[in-house]
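The structure under discussion appears below in the form of structure tokens.
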Amino acid sequence: MSTPRRPALLLAMDPDIARRLLTPHHRERLTRLTHTDPDLVADRLDHPTPEVAAALAEAELLLTSWGAPPLTAPVLEAAPRLRAVVHAAGSVRHHVTDACWQRGLEITTATEANAQPVAEYTLAVILLANKGVLHAAHHYRHLRAPHDWHRALEHHGNYQRTVGVIGASHIGRRLITLLRPHDLRVLLHDPHLSDEQTRQLGAEPADLDHLCAHSQVVTVHAPQLPSTHHMIGAHQLRLMPDGATLVNTSRGSLVDEQALLPHLRDGRLHAVLDVTEPEPPAPDSPLYDLPNVLLTPHVAGSLGNELHRLADHALSEIENHVHGRPFATPVDPAQLGRSA
């Protein structure tokens, strides 16, 4: 059996991300599969150093992640041998330009791998929200004394609660899978799916208003597009039942925060917000101090050792390329207009 050739590869991302993304094991595997210098990481390709320019001129593959520089037409002109971009993160919209598609580059992304921790985070906060954990924890800290918690939380619990999922994205679909073992009813709103496709995912189809009006937890997983700006607005928030929880791990712009604040201030609704608009919130924002809000600093996605899942996925795709196999998770340019 002939030994597969080793294509030239250049790392193009934030150097600190590269340090956290690639363990010594990943670096060893990368150098075994490709001709690369894992210590040479380019976060600028428009005005490269001589060393980066030489590597770019030879590169058949780019390994990108967060902080990847835009792959503009002039950059691609300086990379005549480039054939593919392997993205060790989610969306490629920030660095893959029209010039890449015009050039015929193959693009693959670790979106599915990055969806896993977001779905896990969302599952965790859904189960905690239905149990009234945030409410109980704040009151327990205040009381510091015996209390009839069973009576105080008699209207809480996860049995046969309804969860409304907005968006059948990679994260939304993964979340629905994670929800299956639990005794929960799942509604799904996604205008791009038929009712039959929604049922095949294990959810009940619902329009946005019906979902908001009948869910104890509403969780947002739609992409950030002009059509989804403030899709959860004053009308949808008024429809949500008293005591319901809004979860947003997508983008802050999908929720009208000014319309949400009155419902949070009077305690009618609860919120779990991993993203906000702006991000972070202003220092005087009430979101930091409201007892019915769990505010986290955009940590639902891959962090810590979860980045290594992205590296594993990217290296598997590089191996596919080396062996002449198609990418397992190619990016379809026709779908970019309605993806995150």
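Within each chain, counting starts at residue 1; across the structure tokens, chains are named A, B, ... in the order shown, with ligands numbered 1 upward in that order.
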Inset, instruction - Can you pull out every residue within 9 Å of A:Ala42, counting only C-alpha atoms, but drop anything in the same chain fewer than 2 positions away, and send it as a PyMOL selection string? - result: chain A and resi 10-15+40+44-45+48-49+52+68-69
For the residues in that selection, give me all heavy atoms as a short mmCIF file (atom, residue, chain, number, x, y, z; two decimals), in the first residue's frame.
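File written: result_34.cif
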data_model
loop_
_atom_site.label_atom_id
_atom_site.label_comp_id
_atom_site.auth_asym_id
_atom_site.auth_seq_id
_atom_site.Cartn_x
_atom_site.Cartn_y
_atom_site.Cartn_z
N LEU A 10 -1.28 25.32 6.55
CA LEU A 10 -0.96 26.50 7.35
C LEU A 10 -2.07 26.73 8.35
O LEU A 10 -3.26 26.65 8.02
CB LEU A 10 -0.82 27.73 6.44
CG LEU A 10 -0.65 29.09 7.15
CD1 LEU A 10 0.66 29.13 7.93
CD2 LEU A 10 -0.72 30.23 6.13
N LEU A 11 -1.72 27.02 9.60
CA LEU A 11 -2.69 27.38 10.63
C LEU A 11 -3.01 28.85 10.50
O LEU A 11 -2.10 29.69 10.50
CB LEU A 11 -2.14 27.09 12.03
CG LEU A 11 -2.26 25.66 12.56
CD1 LEU A 11 -1.33 24.72 11.82
CD2 LEU A 11 -1.96 25.62 14.06
N ALA A 12 -4.31 29.17 10.40
CA ALA A 12 -4.75 30.56 10.26
C ALA A 12 -5.84 30.83 11.29
O ALA A 12 -7.01 30.51 11.07
CB ALA A 12 -5.25 30.83 8.85
N MET A 13 -5.46 31.41 12.40
CA MET A 13 -6.39 31.66 13.51
C MET A 13 -5.69 32.51 14.55
O MET A 13 -4.50 32.85 14.40
CB MET A 13 -6.83 30.32 14.14
CG MET A 13 -5.71 29.52 14.77
SD MET A 13 -6.21 27.88 15.36
CE MET A 13 -6.33 26.98 13.82
N ASP A 14 -6.41 32.85 15.60
CA ASP A 14 -5.80 33.54 16.74
C ASP A 14 -4.74 32.63 17.36
O ASP A 14 -5.04 31.48 17.69
CB ASP A 14 -6.90 33.87 17.76
CG ASP A 14 -6.38 34.67 18.94
OD1 ASP A 14 -5.39 34.25 19.56
OD2 ASP A 14 -6.98 35.70 19.26
N PRO A 15 -3.50 33.09 17.53
CA PRO A 15 -2.46 32.22 18.09
C PRO A 15 -2.80 31.65 19.46
O PRO A 15 -2.43 30.51 19.77
CB PRO A 15 -1.23 33.14 18.16
CG PRO A 15 -1.47 34.16 17.09
CD PRO A 15 -2.97 34.39 17.09
N LEU A 40 3.82 27.92 13.67
CA LEU A 40 3.60 29.08 12.79
C LEU A 40 2.09 29.27 12.64
O LEU A 40 1.41 28.49 11.98
CB LEU A 40 4.24 28.84 11.42
CG LEU A 40 4.05 29.97 10.40
CD1 LEU A 40 4.72 31.26 10.88
CD2 LEU A 40 4.61 29.56 9.04
N ARG A 44 -3.02 37.18 10.44
CA ARG A 44 -3.08 38.19 9.38
C ARG A 44 -2.55 37.55 8.10
O ARG A 44 -1.45 37.03 8.07
CB ARG A 44 -2.22 39.41 9.75
CG ARG A 44 -2.75 40.26 10.89
CD ARG A 44 -4.00 41.02 10.51
NE ARG A 44 -3.82 41.88 9.35
CZ ARG A 44 -3.41 43.14 9.40
NH1 ARG A 44 -3.10 43.70 10.55
NH2 ARG A 44 -3.30 43.85 8.29
N LEU A 45 -3.36 37.59 7.06
CA LEU A 45 -2.92 37.08 5.76
C LEU A 45 -2.90 38.17 4.70
O LEU A 45 -2.38 37.96 3.61
CB LEU A 45 -3.82 35.94 5.30
CG LEU A 45 -3.76 34.65 6.13
CD1 LEU A 45 -4.75 33.63 5.60
CD2 LEU A 45 -2.34 34.07 6.13
N PRO A 48 1.10 39.55 5.27
CA PRO A 48 1.81 38.50 6.01
C PRO A 48 3.29 38.79 6.18
O PRO A 48 3.90 39.53 5.39
CB PRO A 48 1.59 37.27 5.12
CG PRO A 48 1.47 37.84 3.73
CD PRO A 48 0.76 39.15 3.90
N THR A 49 3.87 38.19 7.19
CA THR A 49 5.31 38.19 7.33
C THR A 49 5.91 37.35 6.20
O THR A 49 5.20 36.54 5.59
CB THR A 49 5.73 37.60 8.68
OG1 THR A 49 5.34 36.21 8.71
CG2 THR A 49 5.07 38.34 9.84
N VAL A 52 5.16 33.68 6.83
CA VAL A 52 3.77 33.30 6.58
C VAL A 52 3.48 33.32 5.09
O VAL A 52 2.80 32.43 4.55
CB VAL A 52 2.81 34.24 7.35
CG1 VAL A 52 1.37 34.04 6.87
CG2 VAL A 52 2.91 33.99 8.84
N ALA A 68 -9.80 33.61 12.70
CA ALA A 68 -9.25 33.39 11.36
C ALA A 68 -9.35 34.67 10.53
O ALA A 68 -10.36 35.37 10.58
CB ALA A 68 -10.01 32.26 10.67
N PRO A 69 -8.33 34.99 9.77
CA PRO A 69 -8.39 36.19 8.92
C PRO A 69 -9.30 35.97 7.72
O PRO A 69 -9.45 34.83 7.25
CB PRO A 69 -6.93 36.38 8.49
CG PRO A 69 -6.34 35.01 8.54
CD PRO A 69 -7.03 34.30 9.68
#
Legend entry - All residues 8 Å or closer to stretch 177-183 of chain A, only C-alpha atoms, same chain fewer than 4 positions away omitted, as an MDAnalysis selection string: chainID A and resid 119:120 123 158:161 173 201:202
Would you save the residues of that selection, restricted to N, CA and C atoms, as a PDB file, in the first residue's frame?
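Listing of out_37.pdb after writing:
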ATOM      1  N   ALA A 119     -25.784  22.426  23.428  1.00  0.00           N
ATOM      2  CA  ALA A 119     -26.971  21.622  23.712  1.00  0.00           C
ATOM      3  C   ALA A 119     -26.931  21.070  25.138  1.00  0.00           C
ATOM      4  N   GLU A 120     -25.752  20.676  25.595  1.00  0.00           N
ATOM      5  CA  GLU A 120     -25.619  20.174  26.967  1.00  0.00           C
ATOM      6  C   GLU A 120     -25.937  21.264  27.986  1.00  0.00           C
ATOM      7  N   LEU A 123     -29.716  21.862  27.911  1.00  0.00           N
ATOM      8  CA  LEU A 123     -30.425  20.794  28.614  1.00  0.00           C
ATOM      9  C   LEU A 123     -30.336  21.001  30.121  1.00  0.00           C
ATOM     10  N   ASN A 158     -40.203  18.638  36.374  1.00  0.00           N
ATOM     11  CA  ASN A 158     -39.955  18.372  34.967  1.00  0.00           C
ATOM     12  C   ASN A 158     -40.941  17.403  34.326  1.00  0.00           C
ATOM     13  N   TYR A 159     -41.798  16.783  35.122  1.00  0.00           N
ATOM     14  CA  TYR A 159     -42.685  15.765  34.562  1.00  0.00           C
ATOM     15  C   TYR A 159     -43.733  16.392  33.646  1.00  0.00           C
ATOM     16  N   GLN A 160     -43.698  16.010  32.370  1.00  0.00           N
ATOM     17  CA  GLN A 160     -44.661  16.435  31.352  1.00  0.00           C
ATOM     18  C   GLN A 160     -44.722  17.955  31.158  1.00  0.00           C
ATOM     19  N   ARG A 161     -43.624  18.607  31.437  1.00  0.00           N
ATOM     20  CA  ARG A 161     -43.517  20.022  31.103  1.00  0.00           C
ATOM     21  C   ARG A 161     -43.314  20.181  29.596  1.00  0.00           C
ATOM     22  N   ARG A 173     -31.332  20.686  16.991  1.00  0.00           N
ATOM     23  CA  ARG A 173     -31.546  19.260  16.743  1.00  0.00           C
ATOM     24  C   ARG A 173     -30.867  18.409  17.803  1.00  0.00           C
ATOM     25  N   LEU A 201     -37.981  14.553  13.827  1.00  0.00           N
ATOM     26  CA  LEU A 201     -36.961  14.941  14.799  1.00  0.00           C
ATOM     27  C   LEU A 201     -37.374  14.616  16.230  1.00  0.00           C
ATOM     28  N   GLY A 202     -38.641  14.295  16.427  1.00  0.00           N
ATOM     29  CA  GLY A 202     -39.131  13.974  17.766  1.00  0.00           C
ATOM     30  C   GLY A 202     -39.796  15.141  18.462  1.00  0.00           C
TER      31      GLY A 202
END
Inset, instruction - Based on DSSP run over this structure's backbone, return all residues of stretch 9-210 of chain A in strand (DSSP E or B), as a PyMOL selection string. - result: chain A and resi 9-12+35+41-42+61-64+71+84-87+96+106-109+161-166+184-189+204-205
Quick one: which stretch 98-193 of chain A residues come within 9 Å of stretch 78-88 of chain A, and what is the nearest atom pair for each with the distance in Å to one decimal, counting only C-alpha atoms, rows ordered by chain and ascending number, as a tab-separated table?
residue	atom	partner	partner_atom	distance
A:Arg103	CA	A:Arg83	CA	8.8
A:Gly104	CA	A:Arg83	CA	7.9
A:Leu105	CA	A:Ala84	CA	5.2
A:Glu106	CA	A:Ala84	CA	4.5
A:Ile107	CA	A:Val85	CA	4.9
A:Thr108	CA	A:Val86	CA	5.1
A:Thr109	CA	A:His87	CA	4.6
A:Ala110	CA	A:Ala88	CA	5.3
A:Thr111	CA	A:Ala88	CA	8.2
A:Asn114	CA	A:Ala88	CA	8.8
Inset, instruction - Quick one: pull the distance between atom CA of A:Glu58 and atom CA of A:Pro4, Å, one decimal. - result: 17.9 Å
